[in-house]
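What follows is the content of structure.cif, which has mmCIF, C-alpha atoms:
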```cif
data_work
loop_
_atom_site.label_atom_id
_atom_site.label_comp_id
_atom_site.auth_asym_id
_atom_site.auth_seq_id
_atom_site.Cartn_x
_atom_site.Cartn_y
_atom_site.Cartn_z
CA MET A 17 45.88 -140.60 80.84
CA LEU A 18 46.59 -137.02 79.80
CA GLN A 19 49.57 -136.79 82.16
CA SER A 20 51.11 -139.95 80.70
CA LEU A 21 50.83 -138.49 77.19
CA LEU A 22 52.36 -135.16 78.22
CA TYR A 23 55.16 -136.69 80.32
CA PRO A 24 57.66 -137.15 77.43
CA PHE A 25 57.26 -133.47 76.45
CA LYS A 26 58.17 -132.35 79.98
CA GLU A 27 61.69 -133.67 79.36
CA ILE A 28 62.32 -131.28 76.45
CA GLY A 29 63.21 -128.26 78.58
CA PHE A 30 64.32 -124.84 77.35
CA SER A 31 67.43 -126.02 75.50
CA GLY A 32 65.45 -128.79 73.84
CA PHE A 33 62.81 -126.27 72.76
CA LEU A 34 65.47 -124.10 71.10
CA ASP A 35 66.98 -127.19 69.51
CA ILE A 36 63.63 -128.22 68.02
CA LEU A 37 62.90 -124.65 66.89
CA PHE A 38 66.21 -124.34 65.03
CA MET A 39 65.82 -127.75 63.39
CA THR A 40 62.24 -126.88 62.36
CA LEU A 41 63.49 -123.76 60.57
CA LEU A 42 66.22 -125.77 58.85
CA ILE A 43 63.87 -128.55 57.70
CA TYR A 44 61.27 -126.01 56.57
CA THR A 45 63.91 -124.21 54.50
CA LEU A 46 64.95 -127.53 52.95
CA LEU A 47 61.34 -128.39 52.07
CA VAL A 48 60.67 -125.03 50.44
CA TRP A 49 64.03 -125.13 48.66
CA SER A 50 63.43 -128.64 47.30
CA LYS A 51 60.05 -127.61 45.86
CA ARG A 52 61.60 -124.73 43.94
CA THR A 53 64.49 -126.71 42.51
CA ARG A 54 65.09 -130.09 40.92
CA ALA A 55 66.20 -131.42 44.30
CA ALA A 56 62.72 -132.57 45.37
CA PHE A 57 63.11 -136.14 44.08
CA ALA A 58 66.71 -136.30 45.31
CA LEU A 59 65.63 -135.24 48.82
CA THR A 60 62.90 -137.89 48.80
CA GLY A 61 65.44 -140.50 47.74
CA ILE A 62 67.84 -139.45 50.50
CA LEU A 63 65.08 -139.78 53.11
CA ILE A 64 64.19 -143.26 51.83
CA VAL A 65 67.83 -144.39 51.91
CA ALA A 66 68.27 -142.96 55.42
CA GLY A 67 65.09 -144.73 56.57
CA VAL A 68 66.27 -148.07 55.17
CA TYR A 69 69.66 -147.63 56.86
CA LEU A 70 68.07 -146.86 60.25
CA LEU A 71 65.79 -149.88 59.98
CA ALA A 72 68.76 -152.06 59.04
CA ARG A 73 70.66 -150.87 62.11
CA GLN A 74 67.65 -151.35 64.35
CA PHE A 75 66.91 -154.90 63.22
CA ASN A 76 70.58 -155.92 63.16
CA LEU A 77 70.82 -156.33 59.37
CA ASN A 78 74.58 -156.03 59.55
CA LEU A 79 75.33 -156.65 55.86
CA THR A 80 72.84 -154.05 54.63
CA ALA A 81 74.00 -151.48 57.20
CA ALA A 82 77.69 -152.07 56.35
CA ILE A 83 77.07 -151.59 52.59
CA PHE A 84 75.18 -148.35 53.21
CA GLU A 85 77.96 -147.05 55.47
CA GLN A 86 80.58 -147.73 52.79
CA PHE A 87 78.65 -145.82 50.12
CA PHE A 88 77.57 -142.83 52.25
CA ALA A 89 80.77 -140.86 51.54
CA VAL A 90 80.51 -141.56 47.79
CA ILE A 91 76.83 -140.56 47.75
CA LEU A 92 77.61 -137.33 49.61
CA ILE A 93 80.31 -136.31 47.10
CA ALA A 94 78.02 -137.16 44.18
CA LEU A 95 75.21 -135.03 45.61
CA VAL A 96 77.53 -132.06 46.07
CA VAL A 97 78.70 -132.32 42.45
CA ILE A 98 75.23 -132.82 40.97
CA PHE A 99 73.41 -130.22 43.05
CA GLN A 100 76.13 -127.61 43.48
CA GLU A 101 73.86 -124.90 42.03
CA GLU A 102 71.00 -125.79 44.37
CA LEU A 103 73.30 -125.97 47.40
CA ARG A 104 74.70 -122.55 46.56
CA TYR A 105 71.16 -121.20 46.37
CA PHE A 106 70.33 -122.82 49.72
CA PHE A 107 73.23 -121.12 51.51
CA GLU A 108 72.43 -117.84 49.79
CA ARG A 109 68.90 -118.07 51.18
CA ILE A 110 70.31 -118.53 54.68
CA ALA A 111 72.53 -115.46 54.21
CA VAL A 112 69.63 -113.39 52.90
CA TRP A 113 67.42 -114.45 55.79
CA SER A 114 70.16 -113.66 58.31
CA PHE A 115 70.99 -110.22 56.90
CA ASN A 116 67.49 -109.19 55.90
CA ARG A 117 67.39 -105.49 55.33
CA ARG A 118 64.37 -105.08 57.56
CA LEU A 119 66.31 -106.63 60.43
CA LEU A 120 69.07 -104.12 59.83
CA GLY A 121 66.57 -101.27 60.07
CA LYS A 122 66.48 -100.41 56.36
CA GLU A 123 63.17 -100.18 54.58
CA ILE A 124 62.57 -101.89 51.29
CA VAL A 125 61.26 -99.54 48.64
CA ARG A 126 57.82 -100.65 47.50
CA LEU A 127 56.14 -99.90 44.22
CA SER A 128 53.44 -97.28 44.51
CA ARG A 129 50.03 -97.76 42.95
CA GLU A 130 51.10 -95.50 40.08
CA GLU A 131 54.15 -97.62 39.25
CA VAL A 132 52.12 -100.83 39.40
CA GLU A 133 49.70 -99.26 36.93
CA ILE A 134 52.62 -98.30 34.67
CA LEU A 135 53.80 -101.91 34.52
CA VAL A 136 50.31 -103.31 33.99
CA ARG A 137 49.36 -100.77 31.34
CA THR A 138 52.64 -101.04 29.44
CA LEU A 139 52.74 -104.84 29.40
CA THR A 140 49.07 -105.02 28.41
CA ASP A 141 49.74 -102.66 25.47
CA LEU A 142 52.76 -104.73 24.41
CA ALA A 143 50.69 -107.92 24.53
CA ARG A 144 47.94 -106.32 22.47
CA ASP A 145 50.48 -105.20 19.86
CA ARG A 146 52.23 -108.60 20.03
CA ILE A 147 55.56 -107.13 21.05
CA GLY A 148 57.71 -109.52 23.08
CA ALA A 149 58.95 -108.39 26.50
CA LEU A 150 60.61 -109.80 29.60
CA VAL A 151 60.68 -107.96 32.94
CA ALA A 152 62.48 -109.31 36.04
CA ILE A 153 61.61 -107.61 39.34
CA ARG A 154 64.11 -108.22 42.12
CA GLY A 155 62.98 -109.65 45.45
CA ASN A 156 65.08 -110.18 48.57
CA ASP A 157 67.47 -112.70 47.02
CA MET A 158 70.75 -111.82 45.37
CA MET A 159 70.23 -112.27 41.64
CA VAL A 160 73.37 -110.61 40.22
CA ARG A 161 75.26 -113.86 39.68
CA HIS A 162 72.37 -115.26 37.63
CA LEU A 163 72.50 -112.37 35.14
CA GLU A 164 74.76 -112.18 32.10
CA GLY A 165 75.52 -109.27 29.81
CA GLY A 166 73.17 -106.33 29.72
CA GLN A 167 73.55 -102.56 29.77
CA GLU A 168 73.35 -100.24 32.76
CA CYS A 169 70.36 -97.95 32.70
CA ASN A 170 69.37 -96.67 36.17
CA GLY A 171 66.35 -94.92 34.73
CA LYS A 172 63.08 -94.23 36.47
CA LEU A 173 60.39 -96.79 35.71
CA SER A 174 58.09 -95.33 33.05
CA GLU A 175 55.88 -96.43 30.20
CA ALA A 176 57.92 -94.55 27.60
CA LEU A 177 61.21 -96.09 28.72
CA LEU A 178 59.82 -99.65 28.76
CA LYS A 179 58.24 -99.35 25.32
CA SER A 180 61.39 -97.84 23.82
CA ILE A 181 63.53 -100.68 25.20
CA PHE A 182 61.24 -103.41 23.86
CA ASP A 183 60.69 -101.76 20.50
CA ALA A 184 61.65 -104.19 17.76
CA HIS A 185 64.13 -101.65 16.35
CA SER A 186 65.95 -101.35 19.68
CA ILE A 187 69.28 -103.18 19.98
CA GLY A 188 68.46 -104.49 23.46
CA HIS A 189 64.85 -105.56 22.91
CA ASP A 190 65.61 -109.29 23.02
CA GLY A 191 66.96 -109.31 26.56
CA ALA A 192 65.31 -108.82 29.94
CA VAL A 193 64.72 -105.60 31.84
CA VAL A 194 65.69 -105.69 35.52
CA VAL A 195 63.54 -103.57 37.84
CA LYS A 196 65.07 -102.71 41.18
CA GLU A 197 63.72 -100.24 43.74
CA ASN A 198 61.33 -98.50 41.32
CA ARG A 199 64.04 -98.08 38.68
CA ILE A 200 65.15 -99.93 35.60
CA SER A 201 68.68 -100.87 36.60
CA GLN A 202 69.61 -102.91 33.48
CA PHE A 203 68.25 -103.93 30.09
CA SER A 204 69.23 -106.46 27.42
CA VAL A 205 70.12 -108.92 30.21
CA GLN A 206 70.42 -112.67 29.58
CA LEU A 207 68.71 -114.90 32.17
CA PRO A 208 69.40 -118.59 32.92
CA LEU A 209 67.11 -120.92 30.94
CA SER A 210 64.91 -123.48 32.66
CA LYS A 211 65.12 -127.11 31.57
CA ASN A 212 61.70 -128.01 32.95
CA MET A 213 60.00 -128.84 29.67
CA LYS A 214 56.90 -130.12 31.47
CA LYS A 215 56.09 -126.62 32.73
CA LEU A 216 57.31 -124.82 29.64
CA GLY A 217 55.34 -126.86 27.12
CA ASN A 218 55.70 -125.30 23.68
CA ARG A 219 56.56 -121.84 24.97
CA GLY A 220 59.61 -119.97 23.75
CA THR A 221 62.96 -118.74 25.04
CA ARG A 222 61.58 -115.77 26.98
CA HIS A 223 59.37 -118.07 29.04
CA ALA A 224 62.31 -120.44 29.64
CA ALA A 225 64.40 -117.49 30.86
CA ALA A 226 61.65 -116.21 33.16
CA LEU A 227 61.03 -119.66 34.66
CA GLY A 228 64.77 -120.32 34.97
CA LEU A 229 65.39 -117.19 37.05
CA SER A 230 62.35 -117.86 39.26
CA GLU A 231 63.75 -121.33 40.01
CA LEU A 232 67.00 -119.85 41.32
CA CYS A 233 65.78 -116.84 43.33
CA ASP A 234 62.62 -115.11 44.55
CA ALA A 235 62.43 -112.63 41.65
CA LEU A 236 59.12 -112.05 39.87
CA CYS A 237 59.36 -112.36 36.08
CA ILE A 238 56.72 -111.16 33.64
CA VAL A 239 56.73 -112.36 30.02
CA VAL A 240 54.87 -110.99 27.02
CA SER A 241 54.59 -113.46 24.14
CA GLU A 242 54.83 -111.90 20.70
CA GLU A 243 53.42 -115.07 19.06
CA ARG A 244 50.32 -115.39 21.25
CA GLY A 245 49.92 -111.87 22.58
CA THR A 246 49.61 -113.21 26.15
CA ILE A 247 51.14 -112.29 29.51
CA SER A 248 52.66 -114.92 31.82
CA VAL A 249 54.13 -114.63 35.30
CA ALA A 250 56.98 -116.80 36.64
CA GLN A 251 57.37 -116.96 40.41
CA ASN A 252 58.81 -119.58 42.78
CA GLY A 253 59.45 -121.97 39.91
CA GLU A 254 55.88 -121.79 38.59
CA LEU A 255 54.72 -120.33 35.27
CA THR A 256 51.16 -118.97 35.06
CA GLU A 257 49.34 -117.21 32.25
CA VAL A 258 47.54 -114.03 33.33
CA ARG A 259 44.53 -113.04 31.23
CA GLU A 260 43.19 -109.97 33.07
CA PRO A 261 45.14 -106.76 33.82
CA GLU A 262 43.49 -106.61 37.26
CA ARG A 263 44.95 -110.03 38.08
CA LEU A 264 48.43 -108.86 37.06
CA ALA A 265 48.09 -105.82 39.33
CA LYS A 266 47.12 -108.03 42.27
CA ILE A 267 50.13 -110.29 41.63
CA LEU A 268 52.49 -107.30 41.64
CA GLU A 269 50.99 -105.86 44.81
CA GLY A 270 51.08 -109.24 46.50
CA PHE A 271 54.70 -109.75 45.49
CA TYR A 272 55.83 -106.51 47.14
CA ARG A 273 53.63 -107.16 50.13
CA ASP A 274 55.43 -110.49 50.63
CA MET A 275 58.81 -108.78 50.27
CA ASP A 276 57.93 -106.16 52.89
CA PRO A 277 54.73 -107.09 54.78
CA LYS A 278 52.96 -104.43 56.82
CA ASN A 279 53.67 -104.37 60.51
CA ASP A 280 50.26 -105.37 61.81
CA THR A 281 48.49 -108.37 63.25
CA LYS A 282 47.72 -109.73 59.80
CA GLU A 283 51.44 -110.21 59.16
CA TRP A 284 51.64 -113.04 61.69
CA GLU A 285 48.47 -114.57 60.29
CA HIS A 286 49.94 -114.37 56.78
CA HIS A 287 53.20 -116.05 57.81
CA PHE A 288 51.34 -118.83 59.61
CA GLN A 289 48.97 -119.60 56.75
CA LYS A 290 51.70 -119.55 54.09
CA ASN A 291 53.07 -123.07 53.50
CA TRP A 292 51.42 -124.26 56.71
CA ARG A 293 51.64 -127.92 55.65
CA ASP A 294 55.40 -127.67 55.19
CA LYS A 295 55.71 -125.98 58.57
CA LEU A 296 53.66 -128.71 60.24
CA ILE A 297 55.77 -131.41 58.57
CA ALA A 298 58.99 -129.65 59.63
CA LEU A 299 57.80 -129.35 63.24
CA SER A 300 56.70 -133.00 63.38
CA LEU A 301 60.00 -134.22 61.94
CA SER A 302 61.98 -132.05 64.37
CA VAL A 303 60.09 -133.36 67.40
CA ALA A 304 60.47 -136.95 66.18
CA LEU A 305 64.21 -136.49 65.54
CA TRP A 306 64.67 -134.94 68.98
CA PHE A 307 63.02 -137.88 70.72
CA VAL A 308 64.93 -140.44 68.67
CA LEU A 309 68.40 -138.85 68.52
CA VAL A 310 68.56 -136.68 71.66
CA ASN A 311 66.08 -138.05 74.16
CA GLY A 312 66.61 -141.54 72.76
CA SER A 313 70.36 -141.37 73.46
CA LYS A 314 69.84 -141.06 77.22
CA THR A 315 70.48 -144.13 79.38
CA ALA A 316 67.36 -146.03 80.35
CA TYR A 317 66.48 -149.21 82.25
CA ARG A 318 63.72 -151.66 81.41
CA THR A 319 62.51 -154.78 83.20
CA LEU A 320 60.86 -157.60 81.28
CA SER A 321 59.25 -160.84 82.48
CA ILE A 322 60.88 -163.66 80.51
CA PRO A 323 59.68 -167.29 80.60
CA VAL A 324 62.29 -169.90 81.50
CA GLU A 325 62.84 -172.43 78.70
CA TYR A 326 64.94 -175.58 78.82
CA SER A 327 66.74 -178.03 76.56
CA GLU A 328 65.11 -181.22 75.32
CA LEU A 329 65.26 -184.39 77.39
CA PRO A 330 65.71 -187.95 76.15
CA ALA A 331 62.73 -190.24 75.78
CA GLY A 332 61.34 -191.42 79.09
CA LEU A 333 62.00 -188.13 80.92
CA GLU A 334 59.94 -184.96 81.17
CA VAL A 335 59.89 -181.72 83.15
CA ASP A 336 57.37 -181.79 85.96
CA ALA A 337 57.85 -178.22 87.21
CA VAL A 338 59.87 -175.05 86.68
CA LEU A 339 60.20 -172.86 89.77
CA PRO A 340 59.76 -170.01 89.01
CA GLY A 341 58.28 -170.19 85.50
CA THR A 342 59.26 -166.60 84.67
CA VAL A 343 61.99 -164.26 85.91
CA ASP A 344 62.31 -160.47 85.85
CA VAL A 345 65.28 -159.38 83.73
CA THR A 346 66.49 -155.76 83.84
CA PHE A 347 68.44 -154.32 80.90
CA ARG A 348 70.35 -151.08 80.45
CA GLY A 349 70.78 -149.18 77.19
CA VAL A 350 69.96 -145.98 75.35
CA ARG A 351 66.25 -145.31 75.17
CA ARG A 352 65.95 -145.84 71.44
CA SER A 353 67.28 -149.38 71.92
CA PHE A 354 63.99 -150.26 73.60
CA TYR A 355 61.70 -148.70 70.96
CA PHE A 356 61.45 -151.80 68.77
CA ILE A 357 62.31 -154.53 71.30
CA ARG A 358 60.05 -157.58 70.97
CA GLN A 359 59.51 -160.23 73.62
CA ASN A 360 60.70 -163.05 71.36
CA GLN A 361 64.10 -161.36 70.92
CA ILE A 362 65.00 -162.24 74.53
CA GLU A 363 65.28 -165.90 75.55
CA ILE A 364 66.38 -167.83 78.61
CA SER A 365 67.32 -171.43 77.85
CA VAL A 366 68.54 -173.74 80.64
CA PRO A 367 70.56 -176.87 79.70
CA LEU A 368 69.25 -179.95 81.58
CA LYS A 369 71.05 -183.10 82.63
CA PRO A 370 69.46 -186.30 81.30
CA GLU A 371 68.56 -187.58 84.80
CA LYS A 372 65.64 -187.53 87.20
CA GLY A 373 65.46 -185.25 90.21
CA SER A 374 65.74 -181.59 91.07
CA GLN A 375 68.19 -179.50 89.09
CA ARG A 376 69.11 -176.01 90.27
CA VAL A 377 70.64 -173.57 87.78
CA ARG A 378 71.99 -170.08 88.44
CA LEU A 379 71.03 -167.82 85.56
CA GLY A 380 73.54 -165.55 83.84
CA LEU A 381 74.81 -164.47 80.46
CA GLY A 382 75.49 -168.06 79.47
CA GLN A 383 71.80 -168.96 79.50
CA MET A 384 70.54 -165.76 77.83
CA SER A 385 70.08 -164.48 74.30
CA PHE A 386 69.23 -160.78 73.72
CA PRO A 387 70.08 -157.87 71.31
CA LYS A 388 73.70 -156.76 71.34
CA ASN A 389 72.85 -153.10 72.01
CA LEU A 390 71.51 -153.97 75.49
CA VAL A 391 73.43 -154.60 78.70
CA LEU A 392 72.20 -157.15 81.24
CA GLU A 393 71.85 -155.62 84.71
CA THR A 394 69.99 -158.04 87.00
CA ILE A 395 67.96 -161.25 86.97
CA GLU A 396 65.42 -161.71 89.75
CA PRO A 397 65.43 -164.42 90.91
CA ASN A 398 68.66 -165.65 89.42
CA LEU A 399 68.25 -169.22 90.71
CA VAL A 400 65.66 -171.55 89.19
CA GLU A 401 64.76 -175.13 90.09
CA ILE A 402 63.65 -177.60 87.45
CA ILE A 403 62.19 -180.94 88.53
CA VAL A 404 62.67 -183.79 86.07
CA GLY A 405 60.62 -187.00 86.37
CA GLU A 406 59.67 -190.06 84.37
CA ALA A 407 57.40 -189.52 81.45
CA GLU A 408 54.02 -191.14 81.78
CA LYS A 409 53.67 -194.16 79.58
CA ALA A 410 50.91 -194.05 77.07
CA PRO A 411 48.11 -196.57 77.80
CA PRO A 412 48.13 -199.63 75.50
CA LYS A 413 45.84 -199.51 72.53
CA PRO A 414 42.73 -201.71 72.89
CA LYS A 415 42.68 -204.84 70.80
CA ASN A 416 40.02 -205.19 68.17
#
```
Spell out the structure here as structure tokens.
Amino acid sequence: MLQSLLYPFKEIGFSGFLDILFMTLLIYTLLVWSKRTRAAFALTGILIVAGVYLLARQFNLNLTAAIFEQFFAVILIALVVIFQEELRYFFERIAVWSFNRRLLGKEIVRLSREEVEILVRTLTDLARDRIGALVAIRGNDMMVRHLEGGQECNGKLSEALLKSIFDAHSIGHDGAVVVKENRISQFSVQLPLSKNMKKLGNRGTRHAAALGLSELCDALCIVVSEERGTISVAQNGELTEVREPERLAKILEGFYRDMDPKNDTKEWEHHFQKNWRDKLIALSLSVALWFVLVNGSKTAYRTLSIPVEYSELPAGLEVDAVLPGTVDVTFRGVRRSFYFIRQNQIEISVPLKPEKGSQRVRLGLGQMSFPKNLVLETIEPNLVEIIVGEAEKAPPKPKN
């Protein structure tokens, strides 16, 4: 039993393993990307449309399949136009992953405990004094193209510098401060605004800017609300209010740990546990696609036992025997052609002469009906004998 279950996986081989691994990474990237952008519903819709098209092709729904094929090119162009921003982000993520600075042997500068305390202390003071602030901390993604305006600073991160920038009398206090490699690289920067009103609620422009940038890259944005005197954190397209300074410190430390995890055994455990459901879904889809599209495209043979049927006879005649009653029919086709084959899709119907006696018929394509994506190989035996005799007369009904 166990060997029969493992047999299909033996056919994967080394090249198939690499194929599945690459596709798993691609699907996983798509899943994570769709969650962080507005493409989640669009991706779900695409999967539903693709599923309907595959079912239409499998069950020979020619009209439905033809309509879908005609509109595929139009749908593709529409998706590119509508989601051009998301597609650009997707390819940027691939470039960042490919040219990760750690892979190139360059270390990412991490905030020290002192600098984390500077951020936490300064933002807590600003919240207490109800002074609005917006800080964007760069991650691994390129965020330059999402920024507009601003002034170069290149100053060391410090409490005095942050408070002077966000002072209400400062010209650049309304914009965002960009923190990069322990330094304030820019201030008075305009960030893209999020349109997700469900997550924003009744929050203001600073929160919309923080959430908007977090939807487009992996930056960490911290917002201080001057109306409420609260601190919120935007990360990976999510906006969360942080009430305790200790919690804000843990978020900052965790953010930099994710950007440059320590080289120990816990790193692998961390990567496995993070988004493990998406990884499992990606792996399952990759294996299924490999068996359907790759393994399923290989030529296969299948033999089925099909009963011999015959045409109707006029009144007074009936079939006494069919020798043999079933024949073994072998078909050739790609493996996926046999996945949904049902016994009633294949028929053998022999035309009979309206006369008594033995009738021998050699079976072939003329007497068979089967799906068009299969090729008939052999029929064993290909000669059947049908004996036709007189129908038994029904006994007369007794008189009352």
Note to self: Show me the residues close to (68.2, -112.9, 34.0) - anything with an atom within 8 Å, counting all atoms listed in the file - and format the list as a ChimeraX atom specification.
What the structure shows: /A:152,159,162-164,192,194,205-208,225-226,229
Notebook entry, point to check: What lies within 7 Å of Leu173 of chain A using all atoms listed in the file, ignoring chain neighbours under 6 positions off, as a ChimeraX atom specification?
Noted result: /A:198-200
Would you mind exporting the chosen residues as an mmCIF file, keeping the file's coordinate frame, restricted to C-alpha atoms?
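Written output follows (selection-v8.cif):
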```cif
data_model
loop_
_atom_site.group_PDB
_atom_site.id
_atom_site.type_symbol
_atom_site.label_atom_id
_atom_site.label_comp_id
_atom_site.auth_asym_id
_atom_site.auth_seq_id
_atom_site.Cartn_x
_atom_site.Cartn_y
_atom_site.Cartn_z
ATOM 1 C CA ASN A 198 61.330 -98.500 41.320
ATOM 2 C CA ARG A 199 64.040 -98.080 38.680
ATOM 3 C CA ILE A 200 65.150 -99.930 35.600
#
```
Next item on the list: Determine the residue set returned by the PyMOL selection byres ((chain A and resi 327) around 7) for the present structure, and present it as a VMD selection string.
Entry: chain A and resid 326 328 to 329 365 to 368
Next item on the list: Please determine the residues with any atom at most 12 Å from (60.4, -160.2, 84.6) (coordinates as given in the file, with only C-alpha atoms counting) and report them as number ranges by chain.
Entry: A: 318-324, 340-347, 359, 362-364, 394-398
Which residues, written as a compact mmCIF listing (two decimals) with C-alpha atoms, keeping the file's coordinate frame, have at least one atom at most 12 Å from Asp35 of chain A, with all atoms listed in the file counted and residues fewer than 2 positions away on the same chain left out?
```
# COMPACT_ATOMS: atom_id res chain seq x y z
CA ILE A 28 62.32 -131.28 76.45
CA GLY A 29 63.21 -128.26 78.58
CA PHE A 30 64.32 -124.84 77.35
CA SER A 31 67.43 -126.02 75.50
CA GLY A 32 65.45 -128.79 73.84
CA PHE A 33 62.81 -126.27 72.76
CA LEU A 37 62.90 -124.65 66.89
CA PHE A 38 66.21 -124.34 65.03
CA MET A 39 65.82 -127.75 63.39
CA THR A 40 62.24 -126.88 62.36
CA LEU A 41 63.49 -123.76 60.57
CA LEU A 42 66.22 -125.77 58.85
CA LEU A 299 57.80 -129.35 63.24
CA SER A 302 61.98 -132.05 64.37
CA VAL A 303 60.09 -133.36 67.40
CA LEU A 305 64.21 -136.49 65.54
CA TRP A 306 64.67 -134.94 68.98
CA PHE A 307 63.02 -137.88 70.72
CA LEU A 309 68.40 -138.85 68.52
CA VAL A 310 68.56 -136.68 71.66
CA ASN A 311 66.08 -138.05 74.16
```
Margin query: Calculated over all atoms listed in the file, which of the candidates A:Cys169, A:Glu260, A:His185, A:Asn218 has the smallest distance to Phe203 of chain A?
Written below: A:Cys169
Margin query: Can you translate the PyMOL selection byres ((chain A and resi 69) around 12) into the concrete residues it hits in this file, as JSON, numbers by chain?
Written below: {"A": [62, 63, 64, 65, 66, 67, 68, 70, 71, 72, 73, 74, 75, 76, 77, 78, 79, 80, 81, 82, 83, 84, 85, 86, 87, 88]}
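Take atom CA of Arg219 of chain A and atom CA of Leu139 of chain A: the distance between them is 18.0 Å.
Among the candidate residues A:Val136, A:Asp145, A:Val239, A:Asn156, the one lying nearest to Ile267 of chain A is A:Val136, with distances computed using all atoms listed in the file.
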